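Visitor: Just so it is clear, I am handing over input_26.pdb, which has PDB, C-alpha atoms.
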```pdb
ATOM      1  CA  MET T   1      16.059   6.273  -0.334
ATOM      2  CA  LEU T   2      16.339   5.540  -4.007
ATOM      3  CA  PHE T   3      13.255   6.571  -5.919
ATOM      4  CA  VAL T   4      12.425   8.092  -9.268
ATOM      5  CA  HIS T   5       9.935  10.912  -9.678
ATOM      6  CA  LEU T   6       7.595  10.019 -12.496
ATOM      7  CA  PHE T   7       5.539  12.861 -13.823
ATOM      8  CA  SER T   8       3.614  13.892 -16.916
ATOM      9  CA  GLN T   9       3.920  17.316 -18.397
ATOM     10  CA  HIS T  10       1.534  19.476 -20.299
ATOM     11  CA  ALA T  11       3.147  21.883 -22.695
ATOM     12  CA  LEU T  12       1.484  24.946 -24.060
ATOM     13  CA  ARG T  13       2.723  26.014 -27.453
ATOM     14  CA  VAL T  14       1.702  29.071 -29.339
ATOM     15  CA  SER T  15       2.040  28.506 -33.037
ATOM     16  CA  GLY T  16       0.944  31.394 -35.189
ATOM     17  CA  SER T  17      -2.622  32.205 -34.328
ATOM     18  CA  ARG T  18      -3.411  28.797 -32.807
ATOM     19  CA  LEU T  19      -2.929  27.565 -29.241
ATOM     20  CA  ARG T  20      -1.953  23.960 -29.170
ATOM     21  CA  LEU T  21      -1.999  21.872 -26.001
ATOM     22  CA  ARG T  22       0.319  18.902 -26.219
ATOM     23  CA  ARG T  23       0.793  16.171 -23.681
ATOM     24  CA  ILE T  24       4.371  14.960 -23.555
ATOM     25  CA  LEU T  25       4.616  11.244 -22.981
ATOM     26  CA  SER T  26       5.415  10.502 -19.372
ATOM     27  CA  LEU T  27       8.208   8.202 -18.388
ATOM     28  CA  GLN T  28       5.674   5.516 -17.463
ATOM     29  CA  ASP T  29       4.109   5.469 -20.928
ATOM     30  CA  LEU T  30       7.516   5.196 -22.524
ATOM     31  CA  GLN T  31       8.516   2.272 -20.357
ATOM     32  CA  LEU T  32       5.459   0.319 -21.378
ATOM     33  CA  LYS T  33       6.323   0.539 -25.043
ATOM     34  CA  MET T  34      10.083   0.174 -24.827
ATOM     35  CA  SER T  35      12.107  -2.806 -25.855
ATOM     36  CA  HIS T  36      15.251  -3.880 -24.049
ATOM     37  CA  GLU T  37      17.524  -1.779 -26.251
ATOM     38  CA  GLU T  38      15.434   1.319 -25.766
ATOM     39  CA  LYS T  39      15.237   0.766 -22.017
ATOM     40  CA  LEU T  40      19.019   0.508 -21.848
ATOM     41  CA  LYS T  41      19.464   3.585 -23.999
ATOM     42  CA  ASN T  42      17.216   5.602 -21.668
ATOM     43  CA  TYR T  43      18.782   4.181 -18.533
ATOM     44  CA  ARG T  44      19.904   6.827 -16.057
ATOM     45  CA  THR T  45      20.122   5.090 -12.713
ATOM     46  CA  ALA T  46      18.706   2.182 -10.777
ATOM     47  CA  PRO T  47      14.934   2.628 -10.469
ATOM     48  CA  PHE T  48      12.993   2.222  -7.273
ATOM     49  CA  ASP T  49      12.666  -1.440  -6.316
ATOM     50  CA  ALA T  50       9.653  -2.340  -4.183
ATOM     51  CA  ARG T  51      11.560  -5.280  -2.710
ATOM     52  CA  PHE T  52      14.072  -2.901  -1.105
ATOM     53  CA  PRO T  53      12.212   0.220  -0.026
ATOM     54  CA  ASN T  54      14.515   1.372   2.760
ATOM     55  CA  THR T  55      17.685   3.396   2.879
ATOM     56  CA  ASN T  56      19.994   0.383   3.063
ATOM     57  CA  GLN T  57      20.351  -0.791  -0.533
ATOM     58  CA  THR T  58      23.020  -3.429   0.098
ATOM     59  CA  ARG T  59      20.678  -6.275  -0.736
ATOM     60  CA  ASN T  60      19.438  -4.481  -3.835
ATOM     61  CA  CYS T  61      23.032  -4.419  -5.114
ATOM     62  CA  TYR T  62      23.638  -8.061  -4.248
ATOM     63  CA  GLN T  63      20.321  -9.228  -5.675
ATOM     64  CA  ASN T  64      20.958  -7.549  -9.008
ATOM     65  CA  TYR T  65      24.457  -9.008  -9.157
ATOM     66  CA  LEU T  66      22.978 -12.449  -8.544
ATOM     67  CA  ASP T  67      20.163 -11.843 -11.031
ATOM     68  CA  TYR T  68      22.618 -10.806 -13.741
ATOM     69  CA  HIS T  69      24.545 -14.039 -13.445
ATOM     70  CA  ARG T  70      21.413 -16.144 -13.006
ATOM     71  CA  CYS T  71      19.870 -14.510 -16.059
ATOM     72  CA  ASN T  72      22.975 -15.181 -18.142
ATOM     73  CA  LYS T  73      23.042 -18.772 -16.972
ATOM     74  CA  ALA T  74      19.323 -19.317 -17.611
ATOM     75  CA  LEU T  75      19.230 -17.699 -21.043
ATOM     76  CA  THR T  76      22.368 -19.384 -22.326
ATOM     77  CA  ALA T  77      21.004 -22.693 -21.062
ATOM     78  CA  LYS T  78      17.878 -22.080 -23.134
ATOM     79  CA  ASN T  79      20.077 -21.020 -26.089
ATOM     80  CA  LYS T  80      18.570 -17.557 -26.101
ATOM     81  CA  ASP T  81      20.299 -14.217 -26.498
ATOM     82  CA  PRO T  82      21.389 -12.972 -23.037
ATOM     83  CA  ALA T  83      20.909  -9.330 -24.053
ATOM     84  CA  PRO T  84      18.017  -8.634 -21.633
ATOM     85  CA  CYS T  85      20.343  -9.491 -18.748
ATOM     86  CA  GLU T  86      22.255  -6.281 -19.447
ATOM     87  CA  TRP T  87      19.571  -4.445 -17.442
ATOM     88  CA  TYR T  88      20.711  -6.182 -14.257
ATOM     89  CA  HIS T  89      24.329  -5.424 -15.128
ATOM     90  CA  ARG T  90      23.593  -1.709 -15.388
ATOM     91  CA  VAL T  91      21.605  -1.696 -12.156
ATOM     92  CA  TYR T  92      24.269  -3.376 -10.084
ATOM     93  CA  LYS T  93      26.937  -1.183 -11.602
ATOM     94  CA  SER T  94      24.886   1.823 -10.445
ATOM     95  CA  LEU T  95      24.370   0.497  -6.954
ATOM     96  CA  CYS T  96      27.349  -1.569  -5.912
ATOM     97  CA  PRO T  97      30.698  -0.340  -4.662
ATOM     98  CA  ILE T  98      33.379  -1.246  -7.195
ATOM     99  CA  ALA T  99      35.393  -3.095  -4.554
ATOM    100  CA  TRP T 100      32.509  -5.470  -3.892
ATOM    101  CA  VAL T 101      31.994  -6.180  -7.585
ATOM    102  CA  GLN T 102      35.694  -6.888  -8.051
ATOM    103  CA  LYS T 103      35.731  -9.158  -5.011
ATOM    104  CA  TRP T 104      32.704 -11.104  -6.206
ATOM    105  CA  ASP T 105      34.062 -11.369  -9.748
ATOM    106  CA  ASP T 106      37.326 -12.743  -8.386
ATOM    107  CA  GLN T 107      35.418 -15.213  -6.251
ATOM    108  CA  LEU T 108      33.356 -16.313  -9.229
ATOM    109  CA  GLU T 109      36.479 -16.936 -11.246
ATOM    110  CA  ALA T 110      38.049 -18.851  -8.399
ATOM    111  CA  GLY T 111      34.844 -20.798  -7.841
ATOM    112  CA  THR T 112      34.488 -19.605  -4.257
ATOM    113  CA  PHE T 113      31.490 -17.324  -4.707
ATOM    114  CA  ALA T 114      29.011 -17.989  -1.912
ATOM    115  CA  GLY T 115      25.806 -16.973  -3.640
ATOM    116  CA  LYS T 116      23.435 -19.305  -5.416
ATOM    117  CA  ILE T 117      23.689 -18.746  -9.168
TER     118      ILE T 117
ATOM    119  CA  MET D 118      -3.393 -17.559  37.668
ATOM    120  CA  SER D 119      -7.108 -17.184  38.340
ATOM    121  CA  SER D 120      -6.392 -16.119  41.939
ATOM    122  CA  MET D 121      -4.243 -13.302  40.558
ATOM    123  CA  LEU D 122      -7.127 -12.245  38.313
ATOM    124  CA  LYS D 123      -9.526 -12.350  41.273
ATOM    125  CA  VAL D 124      -7.220 -10.062  43.248
ATOM    126  CA  VAL D 125      -6.973  -7.646  40.357
ATOM    127  CA  GLY D 126     -10.729  -7.777  39.882
ATOM    128  CA  LYS D 127     -11.281  -6.899  43.511
ATOM    129  CA  GLN D 128      -8.807  -4.024  43.288
ATOM    130  CA  LEU D 129     -10.560  -2.701  40.204
ATOM    131  CA  LYS D 130     -13.926  -2.816  41.912
ATOM    132  CA  ASN D 131     -12.505  -0.711  44.732
ATOM    133  CA  HIS D 132     -10.575   1.633  42.419
ATOM    134  CA  PRO D 133     -12.435   1.807  39.126
ATOM    135  CA  ALA D 134     -10.264   4.690  37.969
ATOM    136  CA  LEU D 135      -7.582   2.121  37.220
ATOM    137  CA  ILE D 136      -9.583   0.609  34.373
ATOM    138  CA  PRO D 137      -8.338   3.067  31.706
ATOM    139  CA  LEU D 138      -4.818   2.129  32.764
ATOM    140  CA  PHE D 139      -5.502  -1.471  31.856
ATOM    141  CA  ILE D 140      -7.072  -0.439  28.580
ATOM    142  CA  PHE D 141      -4.139   1.674  27.480
ATOM    143  CA  ILE D 142      -1.387  -0.639  28.679
ATOM    144  CA  GLY D 143      -3.222  -3.631  27.256
ATOM    145  CA  GLY D 144      -3.765  -1.847  23.977
ATOM    146  CA  GLY D 145      -0.102  -0.873  23.740
ATOM    147  CA  ALA D 146       1.071  -4.390  24.482
ATOM    148  CA  THR D 147      -1.352  -5.826  21.930
ATOM    149  CA  MET D 148      -0.185  -3.431  19.250
ATOM    150  CA  SER D 149       3.473  -4.250  19.920
ATOM    151  CA  MET D 150       2.817  -7.968  19.749
ATOM    152  CA  MET D 151       0.783  -7.578  16.565
ATOM    153  CA  TYR D 152       3.582  -5.631  14.932
ATOM    154  CA  LEU D 153       6.127  -8.253  15.948
ATOM    155  CA  ALA D 154       3.849 -10.962  14.554
ATOM    156  CA  ARG D 155       3.478  -9.022  11.293
ATOM    157  CA  LEU D 156       7.245  -8.727  11.064
ATOM    158  CA  ALA D 157       7.785 -12.392  11.789
ATOM    159  CA  LEU D 158       5.144 -13.716   9.406
ATOM    160  CA  LYS D 159       4.726 -11.156   6.637
ATOM    161  CA  ASN D 160       8.097  -9.453   6.273
ATOM    162  CA  PRO D 161       9.545 -10.404   2.893
ATOM    163  CA  ASP D 162      13.040 -10.512   4.367
ATOM    164  CA  VAL D 163      12.087 -13.312   6.740
ATOM    165  CA  SER D 164      12.281 -16.919   5.631
ATOM    166  CA  TRP D 165      11.233 -19.589   8.126
ATOM    167  CA  ASP D 166      11.684 -22.450   5.686
ATOM    168  CA  ARG D 167      14.931 -21.976   3.787
ATOM    169  CA  LYS D 168      14.389 -25.036   1.663
ATOM    170  CA  ASN D 169      10.934 -24.296   0.255
ATOM    171  CA  ASN D 170      10.953 -20.512   0.509
ATOM    172  CA  PRO D 171      14.538 -19.452  -0.102
ATOM    173  CA  GLU D 172      14.101 -15.856  -1.295
ATOM    174  CA  PRO D 173      10.705 -14.539  -0.179
ATOM    175  CA  TRP D 174      11.460 -10.951  -1.234
ATOM    176  CA  ASN D 175      11.415 -12.034  -4.856
ATOM    177  CA  LYS D 176       7.761 -12.913  -4.495
ATOM    178  CA  LEU D 177       6.724  -9.276  -4.141
ATOM    179  CA  GLU D 178       4.892  -7.660  -6.999
ATOM    180  CA  HIS D 179       6.664  -4.709  -8.598
ATOM    181  CA  ASN D 180       4.188  -2.292  -7.037
ATOM    182  CA  GLN D 181       3.404  -4.109  -3.802
ATOM    183  CA  GLN D 182       3.887  -2.091  -0.640
ATOM    184  CA  TYR D 183       5.001  -3.766   2.555
ATOM    185  CA  LYS D 184       5.676  -0.635   4.562
ATOM    186  CA  LEU D 185       2.830   0.669   6.681
ATOM    187  CA  PHE D 186       3.465   4.270   5.728
ATOM    188  CA  ALA D 187       5.434   5.211   2.640
ATOM    189  CA  VAL D 188       6.197   8.905   2.378
ATOM    190  CA  ASN D 189       6.675  10.474  -1.059
ATOM    191  CA  MET D 190       6.375   7.164  -2.877
ATOM    192  CA  ASP D 191       3.296   6.361  -4.902
ATOM    193  CA  TYR D 192       3.415   2.594  -5.376
ATOM    194  CA  THR D 193       0.439   2.587  -7.722
ATOM    195  CA  LYS D 194       2.486   4.401 -10.349
ATOM    196  CA  LEU D 195       5.350   1.924 -10.458
ATOM    197  CA  LYS D 196       5.970  -0.016 -13.627
ATOM    198  CA  LYS D 197       7.588  -3.375 -14.037
ATOM    199  CA  ASP D 198      11.232  -2.847 -14.994
ATOM    200  CA  ARG D 199      13.151  -6.037 -14.708
ATOM    201  CA  PRO D 200      13.264  -8.442 -17.630
ATOM    202  CA  ASP D 201      12.057 -11.949 -16.937
ATOM    203  CA  PHE D 202      14.319 -14.920 -17.421
TER     204      PHE D 202
END
```
Please render this file's structure as structure tokens.
Guide:
Amino acid sequence: MLFVHLFSQHALRVSGSRLRLRRILSLQDLQLKMSHEEKLKNYRTAPFDARFPNTNQTRNCYQNYLDYHRCNKALTAKNKDPAPCEWYHRVYKSLCPIAWVQKWDDQLEAGTFAGKI
Amino acid sequence: MSSMLKVVGKQLKNHPALIPLFIFIGGGATMSMMYLARLALKNPDVSWDRKNNPEPWNKLEHNQQYKLFAVNMDYTKLKKDRPDF
């Protein structure tokens, strides 16, 4: 099962004669304030996806591959910067076997890819 | 059909100890059928109408739980990750 443990930490620091209690920002708080660039910089692995909660993550891989290409297509059609789509690229690179990605890329180039993009 | 029920009713009157049997077997069958119905109608992987509902799993919220029991996964703490497009 792919899942990420999210936790907040309390750190106790002794500085001189004073005790200071500091709350380190949890991963959730950071994600709320992050932009796309920051999210990509802090990316470690594919996060838990509620659509695919079980052990078999095949469809998670395929869905992110599709979403990457759909996102690129949609944003370039609207003449917007396709930078946010890089998230999907990183996720499917984390999840998918390289052989599958190569096969799908070849199919896309040849125009024989079966998925709806 | 009703004659079968009459026969069963008569048997139950003569052997009332069989009633719990009906309750448990009936309950088990009902639960199985309800679970199958839940799977058929509510499972986000199932699409009855491919034209109007092509990818029903994409309609889930980022913290919506379909599983009946999720161990070690707190869905309320999930944040929305994926960029919209």
Visitor: Can you translate the ChimeraX specification (/D :<6) & /T into the concrete residues it hits in this file, as a ChimeraX atom specification?
Guide: /T:50-51,71
Visitor: Kindly save the residues from that selection, with C-alpha atoms included, as a compact mmCIF listing (two decimals), in the coordinates of the input.
Guide:
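The resulting result.txt:
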```txt
# COMPACT_ATOMS: atom_id res chain seq x y z
CA ALA T 50 9.65 -2.34 -4.18
CA ARG T 51 11.56 -5.28 -2.71
CA CYS T 71 19.87 -14.51 -16.06
```
Visitor: Between CA of Thr45 in chain T and CA of Ser94 in chain T, what is the distance, to one decimal in Å?
Guide: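 Here the two named atoms are 6.2 Å from each other.
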Visitor: Would you translate the PyMOL selection byres ((chain T and resi 112-117) around 10) into the concrete set of residues it matches in this file, as a list in words?
Guide: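 In the shown coordinates, the PyMOL selection byres ((chain T and resi 112-117) around 10) covers Tyr62, Gln63, Tyr65, Leu66, Asp67, Tyr68, His69, Arg70, Cys71, Asn72, Lys73, Ala74, Lys103, Trp104, Asp105, Asp106, Gln107, Leu108, Glu109, Ala110 and Gly111 of chain T.
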Visitor: By how many Å are CA of Leu158 in chain D and CA of Thr193 in chain D apart?
Guide: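 CA of Leu158 in chain D sits 24.1 Å away from CA of Thr193 in chain D.
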Visitor: Quick one: pull the distance between CA of Tyr43 in chain T and CA of Lys80 in chain T, Å, one decimal.
Guide: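 One can read the CA of Tyr43 in chain T to CA of Lys80 in chain T distance as 23.0 Å.
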Visitor: For a quick check of understanding, using all atoms listed in the file, which of T:Asn79, T:Pro84, T:Cys96, T:Asn42 has the smallest distance to Gln57 in chain T?
Guide: T:Cys96
